[in-house]
file data_15.cif (mmCIF, C-alpha atoms (C1' of nucleotides))
data_run
loop_
_atom_site.label_atom_id
_atom_site.label_comp_id
_atom_site.auth_asym_id
_atom_site.auth_seq_id
_atom_site.Cartn_x
_atom_site.Cartn_y
_atom_site.Cartn_z
CA MET A 1 88.18 83.57 87.90
CA LEU A 2 89.28 80.68 90.00
CA SER A 3 90.01 77.07 89.18
CA GLN A 4 87.76 74.55 90.89
CA PRO A 5 89.25 72.66 93.83
CA PRO A 6 90.46 69.08 93.17
CA ALA A 7 87.48 66.72 93.09
CA THR A 8 89.33 64.33 95.39
CA LEU A 9 88.98 66.68 98.35
CA SER A 10 86.23 66.27 100.90
CA THR A 11 83.54 68.93 100.89
CA ARG A 12 85.03 70.49 103.97
CA ASP A 13 88.47 70.65 102.39
CA LYS A 14 87.06 72.05 99.17
CA ILE A 15 85.62 74.90 101.19
CA LEU A 16 88.89 75.54 103.01
CA HIS A 17 90.89 75.26 99.81
CA THR A 18 88.74 77.79 97.97
CA ALA A 19 88.52 80.12 100.94
CA LEU A 20 92.31 80.19 101.24
CA LEU A 21 92.76 81.15 97.60
CA LEU A 22 90.20 83.92 97.87
CA PHE A 23 91.26 85.24 101.28
CA ALA A 24 94.88 85.36 100.11
CA ARG A 25 94.03 87.02 96.82
CA ASP A 26 91.23 89.42 97.73
CA GLY A 27 91.36 89.56 101.50
CA TYR A 28 88.90 88.29 104.09
CA PHE A 29 86.50 91.21 103.92
CA SER A 30 86.43 91.40 100.17
CA THR A 31 85.52 87.73 99.93
CA SER A 32 81.87 86.82 100.37
CA ILE A 33 80.35 83.46 101.12
CA GLN A 34 78.88 83.72 97.63
CA ASP A 35 82.40 83.94 96.24
CA ILE A 36 83.37 80.82 98.14
CA ARG A 37 80.25 79.09 96.87
CA ARG A 38 81.07 79.97 93.28
CA GLY A 39 84.75 79.10 93.63
CA SER A 40 84.11 75.76 95.23
CA GLY A 41 81.22 74.67 93.05
CA LEU A 42 79.18 73.89 96.18
CA SER A 43 76.05 75.44 97.55
CA ILE A 44 75.44 77.89 100.34
CA GLY A 45 73.56 75.27 102.32
CA SER A 46 76.44 72.85 102.11
CA ILE A 47 78.90 75.44 103.29
CA TYR A 48 76.76 76.36 106.28
CA HIS A 49 76.36 72.70 107.05
CA HIS A 50 80.11 72.38 107.57
CA PHE A 51 80.91 75.74 109.12
CA ALA A 52 79.02 78.11 111.36
CA GLY A 53 79.86 81.00 109.05
CA LYS A 54 82.60 82.87 107.31
CA GLU A 55 84.49 83.58 110.48
CA ALA A 56 84.52 79.90 111.39
CA ILE A 57 86.05 79.11 108.00
CA ALA A 58 88.81 81.66 108.53
CA ASP A 59 89.42 80.34 112.00
CA ALA A 60 89.72 76.71 110.91
CA LEU A 61 92.05 77.77 108.12
CA TYR A 62 94.21 79.83 110.43
CA GLN A 63 94.58 77.07 113.01
CA GLN A 64 95.39 74.52 110.34
CA LEU A 65 98.00 76.65 108.62
CA ILE A 66 99.68 77.81 111.81
CA ASN A 67 99.80 74.26 113.03
CA SER A 68 101.32 72.91 109.86
CA LEU A 69 103.90 75.70 109.73
CA SER A 70 104.78 75.08 113.33
CA LEU A 71 105.42 71.39 112.81
CA ASP A 72 107.45 72.13 109.74
CA LEU A 73 109.73 74.59 111.52
CA GLU A 74 110.15 72.37 114.52
CA GLN A 75 111.12 69.44 112.34
CA ALA A 76 113.51 71.46 110.21
CA SER A 77 115.22 72.79 113.28
CA ALA A 78 115.45 69.33 114.86
CA LYS A 79 117.46 68.00 111.95
CA VAL A 80 120.54 70.00 112.88
CA THR A 81 122.32 70.57 116.15
CA SER A 82 123.97 73.97 116.41
CA TYR A 83 121.95 77.14 116.91
CA PRO A 84 123.16 78.89 113.77
CA GLU A 85 122.23 75.83 111.73
CA ARG A 86 118.79 75.84 113.32
CA TYR A 87 118.19 79.49 112.52
CA LYS A 88 119.20 78.95 108.95
CA ALA A 89 117.05 75.84 108.67
CA ILE A 90 114.05 77.83 109.88
CA ILE A 91 114.64 80.62 107.41
CA GLY A 92 115.10 78.05 104.65
CA SER A 93 111.80 76.36 105.56
CA LEU A 94 109.99 79.68 105.58
CA PHE A 95 111.40 80.61 102.19
CA GLN A 96 110.52 77.25 100.75
CA ARG A 97 106.98 77.48 102.01
CA CYS A 98 106.60 80.92 100.46
CA GLU A 99 107.45 79.39 97.13
CA SER A 100 105.48 76.18 97.46
CA GLN A 101 102.41 77.60 99.22
CA PRO A 102 102.32 81.32 98.57
CA GLU A 103 98.62 81.62 99.38
CA ALA A 104 99.07 80.00 102.76
CA MET A 105 101.98 82.26 103.60
CA ARG A 106 100.13 85.30 102.36
CA PHE A 107 97.21 84.45 104.59
CA ILE A 108 99.46 83.85 107.59
CA LEU A 109 101.78 86.77 107.08
CA HIS A 110 99.78 89.64 105.77
CA ALA A 111 96.36 89.08 107.14
CA ARG A 112 95.44 91.11 110.20
CA HIS A 113 93.76 88.25 111.94
CA GLN A 114 92.77 90.30 114.88
CA GLU A 115 90.55 92.30 112.59
CA PHE A 116 88.35 89.31 111.81
CA LEU A 117 89.21 86.69 114.43
CA PRO A 118 88.33 88.37 117.70
CA GLY A 119 90.26 86.95 120.60
CA GLU A 120 93.10 85.73 118.42
CA ALA A 121 96.54 86.76 119.66
CA PRO A 122 98.74 88.82 117.36
CA ILE A 123 100.59 86.71 114.84
CA CYS A 124 103.92 87.27 116.59
CA SER A 125 102.55 85.42 119.61
CA ALA A 126 101.50 82.43 117.54
CA ARG A 127 103.32 79.16 118.03
CA PRO A 128 105.80 79.31 115.13
CA PHE A 129 106.97 82.74 116.17
CA GLU A 130 107.11 81.82 119.81
CA PHE A 131 109.28 78.90 118.83
CA MET A 132 111.66 81.12 116.90
CA LYS A 133 111.82 83.50 119.83
CA LYS A 134 112.61 80.66 122.24
CA LEU A 135 115.51 79.50 120.07
CA VAL A 136 116.88 83.02 120.10
CA ASP A 137 116.68 83.14 123.89
CA GLU A 138 118.66 79.92 124.03
CA GLY A 139 121.21 81.18 121.52
CA ILE A 140 121.85 84.19 123.72
CA ALA A 141 122.09 82.04 126.83
CA CYS A 142 124.69 79.73 125.31
CA GLY A 143 126.72 82.62 123.91
CA ASP A 144 126.21 81.96 120.19
CA ILE A 145 124.36 85.25 119.95
CA ARG A 146 125.99 88.21 121.61
CA PRO A 147 124.35 89.52 124.79
CA MET A 148 121.48 91.89 124.01
CA ASN A 149 117.78 92.42 124.42
CA ALA A 150 116.16 89.20 123.21
CA MET A 151 113.42 90.95 121.26
CA VAL A 152 115.96 93.04 119.42
CA ALA A 153 117.94 89.91 118.63
CA ALA A 154 114.90 88.02 117.35
CA ALA A 155 113.85 90.97 115.22
CA ALA A 156 117.36 91.42 113.88
CA LEU A 157 117.82 87.76 113.07
CA PHE A 158 114.47 87.06 111.43
CA GLY A 159 113.33 90.55 110.44
CA GLY A 160 115.40 90.72 107.28
CA PRO A 161 114.32 87.33 105.93
CA ILE A 162 110.69 88.00 106.85
CA ARG A 163 110.83 91.33 105.06
CA LEU A 164 112.16 89.54 102.00
CA MET A 165 109.26 87.12 102.21
CA HIS A 166 106.83 90.00 102.24
CA LEU A 167 108.49 91.46 99.17
CA TYR A 168 108.31 88.10 97.44
CA LEU A 169 104.65 87.59 98.32
CA ASP A 170 103.87 91.11 97.12
CA GLN A 171 105.49 90.17 93.83
CA VAL A 172 108.09 92.90 94.16
CA LEU A 173 110.94 90.43 93.98
CA GLU A 174 111.38 88.99 90.55
CA VAL A 175 113.88 86.30 91.50
CA SER A 176 113.26 83.19 93.53
CA LEU A 177 113.57 83.45 97.28
CA MET A 178 115.74 80.37 97.50
CA GLU A 179 118.40 82.07 95.40
CA LEU A 180 118.64 84.74 98.05
CA LEU A 181 118.76 82.40 101.01
CA ASP A 182 122.52 82.29 101.50
CA GLU A 183 122.96 86.02 101.20
CA SER A 184 120.01 86.82 103.42
CA TRP A 185 121.17 84.30 105.98
CA SER A 186 124.66 85.71 106.02
CA CYS A 187 123.30 89.21 106.74
CA ALA A 188 120.99 87.89 109.42
CA TRP A 189 123.73 86.02 111.18
CA ASN A 190 126.19 88.90 110.99
CA ALA A 191 123.55 91.03 112.70
CA VAL A 192 123.53 89.03 115.91
CA LYS A 193 126.44 86.59 116.10
CA ALA A 194 128.74 86.84 119.10
CA MET B 195 84.41 104.73 123.10
CA LEU B 196 86.41 107.44 121.48
CA SER B 197 87.29 110.96 122.55
CA GLN B 198 85.93 113.71 120.34
CA PRO B 199 88.39 115.38 117.97
CA PRO B 200 89.79 118.80 119.04
CA ALA B 201 87.21 121.51 118.34
CA THR B 202 89.91 123.63 116.71
CA LEU B 203 90.12 121.30 113.71
CA SER B 204 88.26 122.01 110.50
CA THR B 205 85.37 119.70 109.70
CA ARG B 206 87.48 117.94 107.12
CA ASP B 207 90.29 117.37 109.59
CA LYS B 208 87.88 116.20 112.26
CA ILE B 209 86.73 113.52 109.86
CA LEU B 210 90.29 112.47 109.01
CA HIS B 211 91.31 112.53 112.65
CA THR B 212 88.45 110.31 113.74
CA ALA B 213 88.81 107.99 110.78
CA LEU B 214 92.47 107.44 111.55
CA LEU B 215 91.78 106.47 115.14
CA LEU B 216 89.08 104.04 114.10
CA PHE B 217 90.89 102.56 111.11
CA ALA B 218 94.00 102.02 113.23
CA ARG B 219 92.08 100.51 116.10
CA ASP B 220 89.38 98.45 114.40
CA GLY B 221 90.53 98.25 110.80
CA TYR B 222 89.05 99.80 107.68
CA PHE B 223 86.35 97.20 107.11
CA SER B 224 85.24 97.06 110.69
CA THR B 225 84.75 100.82 110.75
CA SER B 226 81.49 102.14 109.32
CA ILE B 227 80.65 105.65 108.24
CA GLN B 228 78.24 105.62 111.18
CA ASP B 229 81.19 104.98 113.48
CA ILE B 230 83.02 107.94 112.00
CA ARG B 231 79.90 110.05 112.39
CA ARG B 232 79.55 109.12 116.04
CA GLY B 233 83.26 109.54 116.76
CA SER B 234 83.51 112.93 115.12
CA GLY B 235 80.25 114.36 116.42
CA LEU B 236 79.31 115.37 112.88
CA SER B 237 76.50 114.20 110.64
CA ILE B 238 76.44 111.80 107.71
CA GLY B 239 75.54 114.61 105.35
CA SER B 240 78.50 116.67 106.44
CA ILE B 241 80.86 113.79 105.95
CA TYR B 242 79.57 113.12 102.46
CA HIS B 243 79.85 116.80 101.67
CA HIS B 244 83.60 116.64 102.25
CA PHE B 245 84.39 113.19 100.91
CA ALA B 246 82.96 111.05 98.15
CA GLY B 247 82.73 108.10 100.51
CA LYS B 248 84.58 105.91 102.92
CA GLU B 249 87.20 104.92 100.41
CA ALA B 250 87.95 108.56 99.63
CA ILE B 251 88.53 109.19 103.33
CA ALA B 252 91.00 106.32 103.54
CA ASP B 253 92.72 107.51 100.41
CA ALA B 254 93.13 111.09 101.61
CA LEU B 255 94.44 109.80 104.92
CA TYR B 256 96.89 107.46 103.26
CA GLN B 257 98.30 110.11 100.94
CA GLN B 258 98.62 112.59 103.77
CA LEU B 259 100.39 110.19 106.11
CA ILE B 260 102.73 108.81 103.47
CA ASN B 261 103.60 112.29 102.40
CA SER B 262 104.32 113.50 105.89
CA LEU B 263 106.42 110.43 106.68
CA SER B 264 108.33 110.87 103.46
CA LEU B 265 109.24 114.46 104.19
CA ASP B 266 110.24 113.55 107.69
CA LEU B 267 112.60 110.80 106.56
CA GLU B 268 114.10 112.91 103.83
CA GLN B 269 114.77 115.74 106.25
CA ALA B 270 116.22 113.47 108.91
CA SER B 271 118.54 111.93 106.40
CA ALA B 272 119.61 115.30 104.99
CA LYS B 273 120.88 116.44 108.38
CA VAL B 274 123.83 114.07 108.27
CA THR B 275 126.38 113.24 105.61
CA SER B 276 127.60 109.66 105.76
CA TYR B 277 125.43 106.76 104.67
CA PRO B 278 125.53 104.91 107.97
CA GLU B 279 124.45 108.09 109.74
CA ARG B 280 121.60 108.48 107.28
CA TYR B 281 120.38 104.94 107.82
CA LYS B 282 120.44 105.41 111.54
CA ALA B 283 118.67 108.75 111.28
CA ILE B 284 115.91 107.11 109.27
CA ILE B 285 115.46 104.30 111.75
CA GLY B 286 115.44 106.85 114.57
CA SER B 287 112.74 108.90 112.83
CA LEU B 288 110.63 105.83 112.25
CA PHE B 289 110.93 104.77 115.88
CA GLN B 290 110.09 108.25 117.09
CA ARG B 291 107.03 108.43 114.90
CA CYS B 292 105.84 105.06 116.22
CA GLU B 293 105.92 106.52 119.68
CA SER B 294 104.50 109.95 118.89
CA GLN B 295 101.89 108.87 116.33
CA PRO B 296 101.17 105.19 116.86
CA GLU B 297 97.82 105.31 115.04
CA ALA B 298 99.38 106.83 111.95
CA MET B 299 102.13 104.23 111.90
CA ARG B 300 99.67 101.43 112.52
CA PHE B 301 97.61 102.61 109.59
CA ILE B 302 100.66 102.88 107.35
CA LEU B 303 102.41 99.72 108.42
CA HIS B 304 99.88 97.10 109.01
CA ALA B 305 96.96 98.04 106.86
CA ARG B 306 96.67 96.08 103.64
CA HIS B 307 95.87 99.13 101.57
CA GLN B 308 95.49 97.19 98.37
CA GLU B 309 92.51 95.51 99.91
CA PHE B 310 90.55 98.73 100.12
CA LEU B 311 92.42 101.18 97.89
CA PRO B 312 92.31 99.56 94.48
CA GLY B 313 95.12 100.71 92.26
CA GLU B 314 97.35 101.61 95.16
CA ALA B 315 100.85 100.14 94.90
CA PRO B 316 102.06 97.88 97.70
CA ILE B 317 103.38 99.80 100.66
CA CYS B 318 106.96 98.82 99.87
CA SER B 319 106.71 100.78 96.62
CA ALA B 320 105.49 103.90 98.38
CA ARG B 321 107.75 106.92 98.46
CA PRO B 322 109.29 106.53 101.93
CA PHE B 323 110.27 102.97 101.19
CA GLU B 324 111.53 103.80 97.75
CA PHE B 325 113.68 106.47 99.33
CA MET B 326 115.15 104.00 101.79
CA LYS B 327 115.83 101.58 98.97
CA LYS B 328 117.58 104.26 96.92
CA LEU B 329 119.88 105.11 99.82
CA VAL B 330 120.78 101.45 100.10
CA ASP B 331 121.63 101.29 96.40
CA GLU B 332 123.93 104.27 96.86
CA GLY B 333 125.51 102.75 99.94
CA ILE B 334 126.38 99.66 97.96
CA ALA B 335 127.70 101.70 95.06
CA CYS B 336 130.04 103.71 97.27
CA GLY B 337 131.26 100.64 99.13
CA ASP B 338 129.84 101.42 102.57
CA ILE B 339 127.63 98.37 102.26
CA ARG B 340 129.29 95.21 101.05
CA PRO B 341 128.43 94.06 97.55
CA MET B 342 125.22 92.05 97.46
CA ASN B 343 121.72 91.95 96.03
CA ALA B 344 120.24 95.35 96.82
CA MET B 345 116.87 93.98 97.93
CA VAL B 346 118.54 91.63 100.36
CA ALA B 347 120.58 94.51 101.72
CA ALA B 348 117.56 96.77 102.12
CA ALA B 349 115.62 94.00 103.84
CA ALA B 350 118.57 93.15 106.08
CA LEU B 351 119.21 96.76 107.04
CA PHE B 352 115.65 97.87 107.73
CA GLY B 353 113.87 94.55 108.29
CA GLY B 354 114.96 94.19 111.91
CA PRO B 355 113.96 97.69 112.97
CA ILE B 356 110.66 97.45 111.08
CA ARG B 357 109.91 94.15 112.77
CA LEU B 358 110.56 95.81 116.11
CA MET B 359 108.14 98.57 115.17
CA HIS B 360 105.47 95.99 114.43
CA LEU B 361 106.06 94.39 117.80
CA TYR B 362 105.81 97.77 119.47
CA LEU B 363 102.61 98.71 117.64
CA ASP B 364 101.12 95.32 118.50
CA GLN B 365 101.86 96.09 122.13
CA VAL B 366 104.12 93.09 122.47
CA LEU B 367 107.09 95.20 123.48
CA GLU B 368 106.74 96.64 126.92
CA VAL B 369 109.69 99.00 126.75
CA SER B 370 110.02 102.14 124.68
CA LEU B 371 111.32 101.77 121.16
CA MET B 372 113.82 104.59 121.59
CA GLU B 373 115.57 102.62 124.31
CA LEU B 374 116.22 99.90 121.77
CA LEU B 375 117.43 102.16 119.00
CA ASP B 376 121.16 101.81 119.55
CA GLU B 377 121.07 98.08 119.91
CA SER B 378 118.76 97.59 116.95
CA TRP B 379 120.88 99.90 114.84
CA SER B 380 124.03 98.09 115.71
CA CYS B 381 122.53 94.77 114.60
CA ALA B 382 121.21 96.31 111.42
CA TRP B 383 124.53 97.82 110.52
CA ASN B 384 126.48 94.67 111.30
CA ALA B 385 124.19 92.84 108.92
CA VAL B 386 125.28 94.78 105.85
CA LYS B 387 128.38 96.86 106.50
CA ALA B 388 131.37 96.30 104.22
"C1'" DG C 389 74.63 65.99 103.26
"C1'" DT C 390 73.36 68.87 99.64
"C1'" DC C 391 70.44 71.89 97.59
"C1'" DT C 392 67.13 76.37 96.49
"C1'" DA C 393 64.63 80.00 98.06
"C1'" DT C 394 64.07 83.46 101.23
"C1'" DA C 395 64.41 86.36 105.36
"C1'" DT C 396 66.97 89.87 107.81
"C1'" DT C 397 70.36 92.93 108.89
"C1'" DC C 398 73.61 96.40 107.89
"C1'" DG C 399 76.03 99.88 105.82
"C1'" DG C 400 77.05 102.89 102.03
"C1'" DA C 401 75.05 106.42 99.73
"C1'" DT C 402 71.35 110.02 98.27
"C1'" DA C 403 67.62 113.65 98.62
"C1'" DG C 404 66.38 117.58 100.02
"C1'" DA C 405 65.20 120.87 104.06
"C1'" DC C 406 67.40 124.46 106.57
"C1'" DG D 407 77.91 123.66 104.93
"C1'" DT D 408 75.34 120.99 107.98
"C1'" DC D 409 71.60 118.36 109.06
"C1'" DT D 410 67.64 114.28 109.13
"C1'" DA D 411 65.28 110.92 106.89
"C1'" DT D 412 65.34 107.50 103.66
"C1'" DC D 413 66.64 104.34 99.93
"C1'" DC D 414 68.89 100.47 98.06
"C1'" DG D 415 72.05 96.84 97.36
"C1'" DA D 416 74.84 93.35 99.30
"C1'" DA D 417 75.98 89.80 102.24
"C1'" DT D 418 75.14 86.77 106.09
"C1'" DA D 419 72.39 83.48 107.64
"C1'" DT D 420 68.08 80.41 107.95
"C1'" DA D 421 64.20 77.27 106.54
"C1'" DG D 422 62.97 73.47 104.74
"C1'" DA D 423 62.61 70.27 100.49
"C1'" DC D 424 65.03 66.39 98.54
#
call {"tool": "encode", "arguments": {"input": "data_15.cif", "output": "structure tokens"}}
result
Amino acid sequence: MLSQPPATLSTRDKILHTALLLFARDGYFSTSIQDIRRGSGLSIGSIYHHFAGKEAIADALYQQLINSLSLDLEQASAKVTSYPERYKAIIGSLFQRCESQPEAMRFILHARHQEFLPGEAPICSARPFEFMKKLVDEGIACGDIRPMNAMVAAAALFGGPIRLMHLYLDQVLEVSLMELLDESWSCAWNAVKA
Amino acid sequence: MLSQPPATLSTRDKILHTALLLFARDGYFSTSIQDIRRGSGLSIGSIYHHFAGKEAIADALYQQLINSLSLDLEQASAKVTSYPERYKAIIGSLFQRCESQPEAMRFILHARHQEFLPGEAPICSARPFEFMKKLVDEGIACGDIRPMNAMVAAAALFGGPIRLMHLYLDQVLEVSLMELLDESWSCAWNAVKA
DNA sequence: GTCTATATTCGGATAGAC
DNA sequence: GTCTATCCGAATATAGAC
């Protein structure tokens, strides 16, 4: 069962809202348009009026969520000045978003978008991850991160926190992510600091 | 297109072999029994004689691959005595397997098995990952790893290398994983060492 | 813009000959 | 054990009224 979307939303947003919940919970392939119809309280005709099909819904959702995450990370990182502070701000934003919007993060993180969005680049090439990678490159260049392969550094710095997010989203972690932020950050920074 | 499975394999193994290639390349849901039939050069009837259905094929494959990976990691870790050596041996085995059996690792690492194998625990609760987690617990207990939340430590130690494996399997890394082993290990160990 | 009813395709699965 | 032919349900998508 699924709670109806807020009545204040536009039809289009009701569709996206319901689709996100179902995609995150059951997966893209295990969710039918019928399921979205039921969950949203709309009709098939209305759904097809707003979107070309199921794939178009997933695509719109993906673009919207990636975009919002991107802005969020860029803003969080702009609030502080040193590279270590930026890295920690990014990890903090990611953790927070996992707690406040678990469905969105589940959809972004665990979905294999290439399986149902042909032509989409792998998630690691999406804007938020490119942004994180760029900051790592700069951290190496300015000497805050010790000299090493940039991919290794990016993986080492963000891999631990991202793994923790996966565990949280898979409900394996029983505590809140935010409680683990300082400890996870300290590990991450020890991994790469100069 | 897909090369036929080696003629030396049993019918059952031909099916598993072909299914793995297709599941890893196109995903479980985008692979039909027809595809497996074509790829294996067998007939539908023969496939259904050996397996109850598509899900049963995926299940057999999953159990087999998890089991083989598990044994591999346990053996690699038994060859050395100190905890740091064990951690590095595990990461080395994982990297090697990514290079020698990319399809198997793709199937294990990025498939969302819960989406098509109902009742299956999340991948992080599977035996190889439980084993890694147990070794981390012991490392903390004996003081090789500094005192901290064990989940954070496990994520910090293996998260970076696993992230690198994902990048490799997504073809984002153009170099060989083994070349990056020492550097990735050194980051991982710095993250958690006492 | 929203709805119902319906067409069409596809894929998993079965029956039964050899 | 392997094969071909076929069935059946499900899900996407369309047509067309309101």
call {"tool": "closest_atom_pairs", "arguments": {"input": "data_15.cif", "of": "chain B", "to": "chain D", "cutoff": "10 Å", "atoms": "only C-alpha atoms (C1' of nucleotides)", "output": "CSV"}}
result
residue,atom,partner,partner_atom,distance
B:Thr205,CA,D:DG407,C1',9.7
B:Leu236,CA,D:DT408,C1',8.4
B:Ser237,CA,D:DC409,C1',6.6
B:Ile238,CA,D:DC409,C1',8.3
B:Gly239,CA,D:DC409,C1',6.6
B:Ser240,CA,D:DT408,C1',5.6
B:Ile241,CA,D:DT408,C1',9.3
B:His243,CA,D:DG407,C1',7.8
B:His244,CA,D:DG407,C1',9.4
call {"tool": "residues_near_point", "arguments": {"input": "data_15.cif", "point": "(110.8, 102.9, 99.2)", "cutoff": "12 Å", "atoms": "all atoms listed in the file", "output": "ChimeraX atom specification"}}
result
/A:167,172 /B:260,263-264,267-268,315-331,345,348-349,352
call {"tool": "atom_distance", "arguments": {"input": "data_15.cif", "atom1": "CA of Ser234 (chain B)", "atom2": "CA of Ser30 (chain A)"}}
result
26.4 Å
call {"tool": "resolve_selection", "arguments": {"input": "data_15.cif", "expression": "the PyMOL selection byres ((chain B) within 6 of (chain A))", "output": "ChimeraX atom specification"}}
result
/B:346,349-350,353-354,357-358,378,381-382,384-386
call {"tool": "atom_distance", "arguments": {"input": "data_15.cif", "atom1": "CA of Ile209 (chain B)", "atom2": "C1' of DC406 (chain C)"}}
result
22.5 Å
call {"tool": "atom_distance", "arguments": {"input": "data_15.cif", "atom1": "CA of Ala24 (chain A)", "atom2": "CA of Ser68 (chain A)"}}
result
17.1 Å
call {"tool": "interface_residues", "arguments": {"input": "data_15.cif", "of": "chain C", "to": "chain B", "cutoff": "10 Å", "atoms": "all atoms listed in the file", "output": "ChimeraX atom specification"}}
result
/C:398-402
call {"tool": "axis_aligned_box", "arguments": {"input": "data_15.cif", "around": "region 210-229 of chain B", "padding_each_side": "5 Å", "output": "AutoDock Vina command-line options"}}
result
--center_x 86.1 --center_y 104.8 --center_z 111.6 --size_x 25.8 --size_y 25.5 --size_z 19.0
call {"tool": "residues_near_point", "arguments": {"input": "data_15.cif", "point": "(87.7, 108.0, 111.4)", "cutoff": "6 Å", "atoms": "only C-alpha atoms (C1' of nucleotides)", "output": "JSON, numbers by chain"}}
result
{"B": [209, 210, 211, 212, 213, 214, 215, 216, 230]}
call {"tool": "residues_around", "arguments": {"input": "data_15.cif", "residues": "Gln269 (chain B)", "least_positions_apart": "6", "cutoff": "10 Å", "atoms": "all atoms listed in the file", "output": "list in words"}}
result
Leu263, Ala283, Ile284 and Ser287 of chain B
call {"tool": "write_last_selection", "arguments": {"input": "data_15.cif", "atoms": "C-alpha atoms", "output": "short mmCIF file (atom, residue, chain, number, x, y, z; two decimals), in the coordinates of the input"}}
result
data_model
loop_
_atom_site.label_atom_id
_atom_site.label_comp_id
_atom_site.auth_asym_id
_atom_site.auth_seq_id
_atom_site.Cartn_x
_atom_site.Cartn_y
_atom_site.Cartn_z
CA LEU B 263 106.42 110.43 106.68
CA ALA B 283 118.67 108.75 111.28
CA ILE B 284 115.91 107.11 109.27
CA SER B 287 112.74 108.90 112.83
#
call {"tool": "residues_around", "arguments": {"input": "data_15.cif", "residues": "Glu55 (chain A)", "least_positions_apart": "4", "cutoff": "9 Å", "atoms": "only C-alpha atoms (C1' of nucleotides)", "output": "list of chain:residue names"}}
result
A:Phe51, A:Asp59, A:Ala60, A:Phe116, A:Leu117
